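Structure data (mmCIF, C-alpha atoms) from query.cif:
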data_upload
#
loop_
_atom_site.label_atom_id
_atom_site.label_comp_id
_atom_site.auth_asym_id
_atom_site.auth_seq_id
_atom_site.Cartn_x
_atom_site.Cartn_y
_atom_site.Cartn_z
CA MET P 1 221.88 142.40 113.94
CA SER P 2 225.56 142.49 113.02
CA ASP P 3 228.52 140.25 113.51
CA SER P 4 232.09 140.61 112.40
CA ILE P 5 235.32 138.69 112.38
CA VAL P 6 238.54 140.62 112.52
CA MET P 7 242.08 139.28 112.43
CA PHE P 8 244.91 141.57 113.35
CA LYS P 9 248.50 141.59 114.43
CA THR P 10 249.82 143.75 117.20
CA PHE P 11 253.33 144.99 116.56
CA ILE P 12 254.69 146.56 119.77
CA GLY P 13 251.54 148.62 120.12
CA LEU P 14 250.93 148.98 116.38
CA THR P 15 247.68 147.46 115.14
CA VAL P 16 247.67 146.20 111.56
CA PHE P 17 244.25 145.09 110.32
CA THR P 18 244.39 142.39 107.66
CA LEU P 19 240.72 141.50 107.21
CA GLY P 20 237.40 142.97 108.16
CA LEU P 21 234.13 141.19 107.26
CA SER P 22 230.71 142.46 108.34
CA CYS P 23 227.15 141.30 107.77
CA HIS P 24 224.15 143.64 107.86
CA SER P 25 220.66 142.32 107.06
CA GLY P 26 222.03 139.53 104.94
CA THR P 27 224.27 141.82 102.84
CA ARG P 28 227.95 140.93 103.11
CA HIS P 29 230.74 143.29 102.22
CA LEU P 30 234.41 143.81 103.02
CA ALA P 31 234.93 146.52 105.58
CA GLN P 32 237.56 149.11 104.75
CA ALA P 33 240.78 148.17 106.52
CA PRO P 34 242.97 150.94 107.93
CA GLN P 35 246.49 151.18 106.58
CA PRO P 36 249.26 149.81 108.83
CA ARG P 37 251.16 152.38 110.81
CA THR P 38 254.72 152.90 109.65
CA LEU P 39 257.37 151.13 111.70
CA LYS P 40 259.96 153.73 112.65
CA ILE P 41 263.49 152.35 112.99
CA LEU P 42 266.58 154.15 114.28
CA ALA P 43 269.88 152.46 113.39
CA LEU P 44 272.41 153.66 115.98
CA GLY P 45 276.09 152.91 116.28
CA ASP P 46 279.46 153.21 114.59
CA SER P 47 280.74 152.65 111.06
CA LEU P 48 279.06 149.23 110.84
CA THR P 49 275.81 151.18 111.01
CA ALA P 50 276.92 154.01 108.72
CA GLY P 51 278.68 151.76 106.24
CA VAL P 52 281.93 152.43 104.40
CA ALA P 53 282.54 153.87 100.94
CA ASN P 54 278.88 154.96 100.95
CA ASN P 55 277.65 151.34 100.87
CA GLY P 56 275.24 151.91 103.77
CA GLY P 57 276.45 148.85 105.70
CA TYR P 58 273.64 146.42 106.53
CA ARG P 59 270.87 149.02 106.17
CA PRO P 60 270.13 148.74 102.42
CA HIS P 61 269.79 144.97 102.75
CA LEU P 62 267.57 145.30 105.82
CA TYR P 63 265.35 147.85 104.11
CA ILE P 64 264.74 145.44 101.22
CA LEU P 65 264.01 142.53 103.56
CA LEU P 66 261.47 144.58 105.52
CA LYS P 67 259.73 145.96 102.44
CA ASN P 68 259.58 142.52 100.80
CA ALA P 69 257.99 141.19 103.99
CA GLY P 70 255.23 143.78 103.71
CA PHE P 71 256.37 146.26 106.34
CA SER P 72 255.76 149.96 105.98
CA VAL P 73 259.06 151.26 107.33
CA ASP P 74 260.76 154.59 107.94
CA PHE P 75 264.45 154.74 108.84
CA LEU P 76 265.18 157.68 111.12
CA GLY P 77 268.32 159.71 111.72
CA SER P 78 270.17 162.94 111.06
CA ASN P 79 272.74 161.30 108.75
CA GLN P 80 272.09 160.15 105.20
CA GLN P 81 274.45 157.58 103.77
CA GLY P 82 273.98 154.70 101.39
CA PRO P 83 273.99 153.71 97.74
CA PRO P 84 272.19 156.04 95.27
CA ASP P 85 269.28 153.62 94.85
CA MET P 86 268.58 153.34 98.60
CA PRO P 87 265.13 154.92 99.17
CA ASP P 88 265.68 155.75 102.85
CA PRO P 89 269.33 156.31 103.87
CA ASP P 90 268.68 157.98 107.27
CA HIS P 91 270.67 156.68 110.24
CA GLU P 92 272.67 157.59 113.36
CA GLY P 93 275.92 155.78 112.62
CA TYR P 94 279.25 157.50 113.30
CA GLY P 95 282.53 156.06 112.11
CA GLY P 96 285.16 155.84 114.84
CA TYR P 97 282.76 156.53 117.72
CA ARG P 98 283.16 154.69 121.00
CA ILE P 99 280.25 153.89 123.31
CA ASP P 100 280.83 156.98 125.46
CA GLN P 101 280.76 159.23 122.37
CA LEU P 102 277.28 158.01 121.45
CA GLY P 103 275.75 159.54 124.60
CA PRO P 104 275.40 163.07 123.12
CA VAL P 105 274.16 161.52 119.86
CA VAL P 106 271.38 159.74 121.74
CA GLU P 107 270.35 162.92 123.57
CA LYS P 108 270.12 164.92 120.35
CA SER P 109 268.56 162.20 118.23
CA LEU P 110 265.86 161.15 120.68
CA GLY P 111 264.98 164.78 121.23
CA THR P 112 264.04 164.85 117.55
CA PHE P 113 262.90 161.35 116.58
CA LYS P 114 260.38 158.98 118.14
CA PRO P 115 261.45 155.49 117.03
CA ASP P 116 259.55 152.27 117.61
CA LEU P 117 262.73 150.22 117.24
CA ILE P 118 266.37 151.09 117.90
CA LEU P 119 269.04 148.84 116.41
CA LEU P 120 272.13 149.39 118.55
CA GLY P 121 275.60 148.26 117.57
CA ALA P 122 278.52 149.73 119.49
CA GLY P 123 281.76 148.76 121.16
CA GLY P 124 283.90 148.01 118.12
CA ASN P 125 285.92 151.20 118.47
CA ASP P 126 286.36 150.69 122.20
CA ILE P 127 288.03 147.42 121.23
CA ALA P 128 290.04 148.96 118.38
CA GLN P 129 291.27 151.79 120.63
CA ASN P 130 291.75 149.54 123.67
CA PHE P 131 289.61 152.02 125.59
CA LYS P 132 288.74 150.85 129.12
CA LEU P 133 287.69 147.43 127.83
CA ASP P 134 287.05 145.99 131.29
CA SER P 135 283.99 148.25 131.62
CA ALA P 136 282.93 148.60 127.97
CA HIS P 137 279.94 146.26 128.40
CA GLN P 138 278.78 148.28 131.40
CA ARG P 139 279.04 151.53 129.43
CA LEU P 140 276.82 150.03 126.76
CA VAL P 141 274.17 149.11 129.35
CA SER P 142 274.38 152.66 130.73
CA LEU P 143 273.77 153.95 127.20
CA ILE P 144 270.71 151.70 126.88
CA ARG P 145 269.36 153.07 130.16
CA LYS P 146 269.85 156.60 128.84
CA ILE P 147 267.97 155.64 125.67
CA HIS P 148 265.02 154.30 127.63
CA LYS P 149 264.95 157.32 129.90
CA LEU P 150 264.63 159.54 126.84
CA SER P 151 262.46 157.18 124.78
CA PRO P 152 260.70 154.72 127.12
CA GLN P 153 258.34 153.44 124.42
CA ALA P 154 261.15 152.27 122.13
CA ILE P 155 262.23 148.66 121.73
CA VAL P 156 266.04 148.39 121.78
CA ILE P 157 267.76 145.48 120.06
CA VAL P 158 271.46 145.39 120.91
CA GLN P 159 273.82 143.24 118.88
CA SER P 160 276.97 141.39 119.78
CA ARG P 161 279.97 142.55 117.80
CA PRO P 162 280.55 140.68 114.55
CA PRO P 163 283.87 138.84 114.34
CA ARG P 164 287.08 140.50 113.22
CA ALA P 165 289.54 138.90 110.83
CA ASP P 166 292.65 139.98 112.74
CA HIS P 167 294.39 139.72 116.11
CA LEU P 168 291.62 141.67 117.88
CA ASN P 169 289.01 138.96 117.41
CA ALA P 170 289.88 137.51 120.84
CA LYS P 171 288.96 140.89 122.35
CA VAL P 172 285.66 140.82 120.44
CA ILE P 173 284.85 137.39 121.88
CA GLU P 174 285.65 138.59 125.41
CA PHE P 175 283.55 141.74 125.00
CA ASN P 176 280.61 139.79 123.59
CA SER P 177 280.66 137.30 126.45
CA LYS P 178 280.56 140.07 129.07
CA LEU P 179 277.94 142.00 127.11
CA GLN P 180 275.57 139.06 126.75
CA LYS P 181 275.70 138.35 130.48
CA GLU P 182 275.10 142.01 131.30
CA ILE P 183 272.23 142.33 128.83
CA THR P 184 270.64 139.11 130.10
CA ARG P 185 270.59 140.57 133.61
CA GLU P 186 269.21 143.87 132.33
CA MET P 187 266.45 142.15 130.37
CA LYS P 188 264.99 140.68 133.57
CA HIS P 189 263.60 144.09 134.50
CA ASN P 190 263.60 145.82 131.10
CA LYS P 191 260.95 144.31 128.83
CA GLN P 192 261.86 146.74 126.03
CA LEU P 193 265.35 145.26 125.58
CA TYR P 194 266.46 142.37 123.36
CA PHE P 195 269.82 140.82 122.48
CA GLN P 196 270.79 139.73 118.98
CA ASP P 197 273.87 137.53 118.62
CA ASN P 198 275.25 138.61 115.25
CA PHE P 199 278.74 137.29 116.00
CA LYS P 200 277.70 133.73 115.24
CA LEU P 201 276.27 134.69 111.84
CA LEU P 202 279.56 135.78 110.26
CA THR P 203 282.93 134.17 109.62
CA ALA P 204 286.31 135.67 108.73
CA GLU P 205 285.36 135.27 105.05
CA ASP P 206 282.54 137.79 105.61
CA ILE P 207 284.95 140.54 106.73
CA GLY P 208 286.59 143.00 104.37
CA PRO P 209 290.32 143.48 103.80
CA ASP P 210 290.68 145.89 106.74
CA GLY P 211 289.81 143.01 109.11
CA PHE P 212 287.00 145.01 110.74
CA HIS P 213 284.18 146.03 108.40
CA PRO P 214 281.95 143.35 106.86
CA ASN P 215 282.04 142.90 103.11
CA ASP P 216 278.79 142.89 101.14
CA ARG P 217 278.07 139.26 102.02
CA GLY P 218 278.75 140.05 105.68
CA ASN P 219 276.41 143.04 105.59
CA GLN P 220 273.73 140.84 104.03
CA LYS P 221 274.13 138.38 106.91
CA LEU P 222 273.95 141.20 109.48
CA ALA P 223 270.76 142.45 107.83
CA GLU P 224 269.27 138.96 108.02
CA GLY P 225 270.18 138.80 111.71
CA TRP P 226 268.48 142.12 112.45
CA PHE P 227 265.49 141.15 110.30
CA ASN P 228 265.01 137.83 112.08
CA ALA P 229 265.24 139.58 115.46
CA ILE P 230 262.61 142.11 114.40
CA GLN P 231 260.36 139.33 113.13
CA ARG P 232 260.64 137.43 116.43
CA ILE P 233 259.77 140.50 118.47
CA LEU P 234 256.82 141.49 116.30
CA ARG P 235 255.39 138.00 115.81
CA THR P 236 252.16 138.25 117.83
CA SER P 237 248.86 137.29 116.22
CA ILE P 238 245.44 137.58 117.84
CA GLU P 239 242.05 136.48 116.52
CA PHE P 240 238.73 137.52 118.03
CA SER P 241 235.07 137.68 117.08
CA ASN P 242 232.20 139.79 118.36
#
Would you mind giving the structure from this file in structure tokens?
Amino acid sequence: MSDSIVMFKTFIGLTVFTLGLSCHSGTRHLAQAPQPRTLKILALGDSLTAGVANNGGYRPHLYILLKNAGFSVDFLGSNQQGPPDMPDPDHEGYGGYRIDQLGPVVEKSLGTFKPDLILLGAGGNDIAQNFKLDSAHQRLVSLIRKIHKLSPQAIVIVQSRPPRADHLNAKVIEFNSKLQKEITREMKHNKQLYFQDNFKLLTAEDIGPDGFHPNDRGNQKLAEGWFNAIQRILRTSIEFSN
């Protein structure tokens, strides 16, 4: 006769065993627990994803937060950018790219990589270039649909734009308002889509001298926003006995 108690967490289809205990003829021993599967993350977007001056943006901070929380994580992407001590600098961030310019990036990247999570931040250059702003939020939803057509298993977390410290901040607020409404509608029939409001996490003091890119403190706050969103999505615990 044998009985066992197993506790595990399911992370978007990933099973991470934390304890296995079995009993056979009165002899108790710890069962060997399989290693957790690596969480594959694709950071996709513009220069806030890539970072400036090789600082890696929010990604180095996020990597540390995830590793310290016990995640086995692999950043994916065809670009490598970040500080010299960053263990995994891979990403798909492109400075100056508008939403429409990320379409070919998505097609190429998702033909190569199979991410579990996609962290999407785009629209800042549409605002900076005043490029068809009335429909920018709709273009971003179209990009998300393209992503899920190519990679239906992936969870997409899309962020609101962080604030700017210049005259374009009013445009950021308008874009974010339209985007949140559009994403909320899309989420009703797309269970793989989540919205992360990173605008509210930063202030003008968290933006660098160019008025657009976050400083190090701002990037730390962005990383915390992404990390908390990932934690919320993956926080599912199940206990069973047999």
Which residues match the PyMOL selection byres ((chain P and resi 96) around 6) in the file above, as a PyMOL selection string?
chain P and resi 95+97+125
Where does the PyMOL selection byres ((chain P and resi 48) around 10) land in this file, that is, which residues does it pick, as a ChimeraX atom specification?
/P:44-47,49-52,56-59,93-96,121-122,124,161-162,212-214,219,222
Would you export the selected residues with C-alpha atoms as an mmCIF file, in the frame of the given file, please?
data_model
loop_
_atom_site.group_PDB
_atom_site.id
_atom_site.type_symbol
_atom_site.label_atom_id
_atom_site.label_comp_id
_atom_site.auth_asym_id
_atom_site.auth_seq_id
_atom_site.Cartn_x
_atom_site.Cartn_y
_atom_site.Cartn_z
ATOM 1 C CA LEU P 44 272.410 153.660 115.980
ATOM 2 C CA GLY P 45 276.090 152.910 116.280
ATOM 3 C CA ASP P 46 279.460 153.210 114.590
ATOM 4 C CA SER P 47 280.740 152.650 111.060
ATOM 5 C CA THR P 49 275.810 151.180 111.010
ATOM 6 C CA ALA P 50 276.920 154.010 108.720
ATOM 7 C CA GLY P 51 278.680 151.760 106.240
ATOM 8 C CA VAL P 52 281.930 152.430 104.400
ATOM 9 C CA GLY P 56 275.240 151.910 103.770
ATOM 10 C CA GLY P 57 276.450 148.850 105.700
ATOM 11 C CA TYR P 58 273.640 146.420 106.530
ATOM 12 C CA ARG P 59 270.870 149.020 106.170
ATOM 13 C CA GLY P 93 275.920 155.780 112.620
ATOM 14 C CA TYR P 94 279.250 157.500 113.300
ATOM 15 C CA GLY P 95 282.530 156.060 112.110
ATOM 16 C CA GLY P 96 285.160 155.840 114.840
ATOM 17 C CA GLY P 121 275.600 148.260 117.570
ATOM 18 C CA ALA P 122 278.520 149.730 119.490
ATOM 19 C CA GLY P 124 283.900 148.010 118.120
ATOM 20 C CA ARG P 161 279.970 142.550 117.800
ATOM 21 C CA PRO P 162 280.550 140.680 114.550
ATOM 22 C CA PHE P 212 287.000 145.010 110.740
ATOM 23 C CA HIS P 213 284.180 146.030 108.400
ATOM 24 C CA PRO P 214 281.950 143.350 106.860
ATOM 25 C CA ASN P 219 276.410 143.040 105.590
ATOM 26 C CA LEU P 222 273.950 141.200 109.480
#
On this file, the PyMOL selection byres ((chain P and resi 227) around 12) gives some set of residues; write that set as a VMD selection string.
chain P and resid 41 58 to 69 71 117 119 157 196 198 220 to 226 228 to 235
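When all atoms listed in the file are used to compute distances to Leu202 in chain P, the closest of the residues P:Arg164, P:His189, P:Thr184, P:Gln153 turns out to be P:Arg164.
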Which polymer residues, protein or nucleic acid, are no farther than 10 Å from (289.7, 147.1, 120.4), counting all atoms listed in the file, as a VMD selection string?
chain P and resid 123 to 133 167 to 172 175
re CA of Pro163 in chain P and CA of Phe199 in chain P: distance 5.6 Å
Step by step, gather every atom of range 177-185 of chain P that the file lists, find the box along x, y and z that holds them, add 6 Å on each side, and finally give centre and edge lengths in Å to one decimal, as lines of an AutoDock Vina configuration file.
center_x = 275.6
center_y = 139.8
center_z = 130.0
size_x = 22.1
size_y = 17.0
size_z = 19.2
Separation of CA of Asn190 in chain P from CA of Lys178 in chain P in Å:
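CA of Lys178 in chain P sits 18.0 Å away from CA of Asn190 in chain P.
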Show me as an mmCIF file with C-alpha atoms, in the coordinates of the input the residues that reach within 7 Å of (268.4, 143.2, 120.6), counting all atoms listed in the file and using the file's own coordinates.
data_model
loop_
_atom_site.group_PDB
_atom_site.id
_atom_site.type_symbol
_atom_site.label_atom_id
_atom_site.label_comp_id
_atom_site.auth_asym_id
_atom_site.auth_seq_id
_atom_site.Cartn_x
_atom_site.Cartn_y
_atom_site.Cartn_z
ATOM 1 C CA VAL P 156 266.040 148.390 121.780
ATOM 2 C CA ILE P 157 267.760 145.480 120.060
ATOM 3 C CA VAL P 158 271.460 145.390 120.910
ATOM 4 C CA GLN P 159 273.820 143.240 118.880
ATOM 5 C CA LEU P 193 265.350 145.260 125.580
ATOM 6 C CA TYR P 194 266.460 142.370 123.360
ATOM 7 C CA PHE P 195 269.820 140.820 122.480
ATOM 8 C CA GLN P 196 270.790 139.730 118.980
#
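If you measure from each of P:Leu143, P:Arg37, P:Asp197, P:Ala165 to Asn215 in chain P using only C-alpha atoms, the closest one turns out to be P:Ala165.
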Would you mind reading off the distance between CA of Val106 in chain P and CA of Pro152 in chain P, one decimal, in Å?
13.0 Å
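In this comparison, which uses all atoms listed in the file, the residue of P:Ile207, P:Lys114, P:Glu174, P:Gln81 approaching Thr38 in chain P most closely is P:Lys114.
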For Asn55 in chain P, which of P:Ile173, P:Ala43, P:Met86, P:Leu179 is the closest residue, counting all atoms listed in the file?
P:Met86
Minimum-distance residue to Pro115 in chain P, chosen among P:Glu186, P:Asp74, P:Asp134, P:Asp100 (using all atoms listed in the file):
P:Asp74
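Counting all atoms listed in the file, Gly103 in chain P has the following residues at most 8 Å away, ignoring those fewer than 4 positions along the same chain: P:Ile99, P:Glu107, P:Leu143, P:Lys146.
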Calculated over all atoms listed in the file, which of the candidates P:Asn54, P:Asn176, P:Asn79, P:Thr112 has the smallest distance to Ala136 in chain P?
P:Asn176
Missing atoms in range 192-203 of chain P need filling: write out all heavy atoms for it as a short mmCIF file (atom, residue, chain, number, x, y, z; two decimals), keeping the file's coordinate frame.
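part08.cif was written with the following content:
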data_model
loop_
_atom_site.label_atom_id
_atom_site.label_comp_id
_atom_site.auth_asym_id
_atom_site.auth_seq_id
_atom_site.Cartn_x
_atom_site.Cartn_y
_atom_site.Cartn_z
N GLN P 192 261.69 146.09 127.32
CA GLN P 192 261.86 146.74 126.03
C GLN P 192 263.24 146.45 125.42
O GLN P 192 263.62 147.08 124.43
CB GLN P 192 261.70 148.26 126.19
CG GLN P 192 260.35 148.71 126.73
CD GLN P 192 259.25 148.51 125.70
OE1 GLN P 192 258.55 147.50 125.71
NE2 GLN P 192 259.10 149.47 124.81
N LEU P 193 263.98 145.53 126.00
CA LEU P 193 265.35 145.26 125.58
C LEU P 193 265.50 143.83 125.08
O LEU P 193 265.00 142.89 125.71
CB LEU P 193 266.30 145.51 126.76
CG LEU P 193 267.78 145.21 126.54
CD1 LEU P 193 268.36 146.09 125.44
CD2 LEU P 193 268.55 145.41 127.85
N TYR P 194 266.21 143.69 123.96
CA TYR P 194 266.46 142.37 123.36
C TYR P 194 267.92 142.29 122.92
O TYR P 194 268.54 143.30 122.60
CB TYR P 194 265.54 142.13 122.16
CG TYR P 194 264.09 142.04 122.51
CD1 TYR P 194 263.33 143.20 122.65
CD2 TYR P 194 263.47 140.82 122.73
CE1 TYR P 194 261.98 143.14 122.99
CE2 TYR P 194 262.12 140.74 123.06
CZ TYR P 194 261.39 141.90 123.19
OH TYR P 194 260.06 141.84 123.53
N PHE P 195 268.43 141.06 122.90
CA PHE P 195 269.82 140.82 122.48
C PHE P 195 269.82 140.01 121.19
O PHE P 195 269.09 139.02 121.07
CB PHE P 195 270.57 140.06 123.57
CG PHE P 195 272.01 139.78 123.24
CD1 PHE P 195 272.97 140.77 123.33
CD2 PHE P 195 272.41 138.51 122.83
CE1 PHE P 195 274.30 140.52 123.02
CE2 PHE P 195 273.74 138.24 122.52
CZ PHE P 195 274.68 139.25 122.61
N GLN P 196 270.64 140.44 120.24
CA GLN P 196 270.79 139.73 118.98
C GLN P 196 272.25 139.33 118.80
O GLN P 196 273.14 140.19 118.72
CB GLN P 196 270.33 140.60 117.80
CG GLN P 196 270.68 140.05 116.43
CD GLN P 196 270.08 138.68 116.14
OE1 GLN P 196 269.05 138.32 116.71
NE2 GLN P 196 270.69 137.93 115.26
N ASP P 197 272.51 138.03 118.76
CA ASP P 197 273.87 137.53 118.62
C ASP P 197 274.25 137.48 117.14
O ASP P 197 274.02 136.48 116.46
CB ASP P 197 273.99 136.15 119.26
CG ASP P 197 275.44 135.66 119.31
OD1 ASP P 197 276.32 136.40 118.84
OD2 ASP P 197 275.67 134.56 119.84
N ASN P 198 274.83 138.56 116.65
CA ASN P 198 275.25 138.61 115.25
C ASN P 198 276.66 138.06 115.04
O ASN P 198 277.08 137.86 113.90
CB ASN P 198 275.17 140.05 114.72
CG ASN P 198 273.74 140.42 114.33
OD1 ASN P 198 272.92 139.56 114.04
ND2 ASN P 198 273.45 141.71 114.33
N PHE P 199 277.40 137.85 116.13
CA PHE P 199 278.74 137.29 116.00
C PHE P 199 278.71 135.92 115.33
O PHE P 199 279.53 135.62 114.46
CB PHE P 199 279.40 137.17 117.38
CG PHE P 199 280.78 136.57 117.36
CD1 PHE P 199 281.90 137.37 117.19
CD2 PHE P 199 280.97 135.20 117.50
CE1 PHE P 199 283.18 136.81 117.15
CE2 PHE P 199 282.24 134.64 117.47
CZ PHE P 199 283.35 135.44 117.29
N LYS P 200 277.75 135.11 115.73
CA LYS P 200 277.70 133.73 115.24
C LYS P 200 277.27 133.63 113.78
O LYS P 200 277.41 132.58 113.17
CB LYS P 200 276.76 132.90 116.11
CG LYS P 200 275.30 133.32 116.02
CD LYS P 200 274.43 132.49 116.95
CE LYS P 200 272.97 132.89 116.85
NZ LYS P 200 272.12 132.12 117.79
N LEU P 201 276.77 134.72 113.21
CA LEU P 201 276.27 134.69 111.84
C LEU P 201 277.37 134.86 110.80
O LEU P 201 277.20 134.49 109.64
CB LEU P 201 275.22 135.78 111.64
CG LEU P 201 274.00 135.73 112.54
CD1 LEU P 201 273.05 136.87 112.19
CD2 LEU P 201 273.28 134.40 112.41
N LEU P 202 278.50 135.45 111.19
CA LEU P 202 279.56 135.78 110.26
C LEU P 202 280.81 134.95 110.53
O LEU P 202 281.03 134.50 111.66
CB LEU P 202 279.91 137.27 110.31
CG LEU P 202 279.01 138.25 109.54
CD1 LEU P 202 277.63 138.33 110.16
CD2 LEU P 202 279.65 139.63 109.50
N THR P 203 281.62 134.80 109.50
CA THR P 203 282.93 134.17 109.62
C THR P 203 283.98 135.17 109.12
O THR P 203 283.65 136.26 108.63
CB THR P 203 283.02 132.88 108.81
OG1 THR P 203 282.97 133.22 107.40
CG2 THR P 203 281.87 131.94 109.14
#
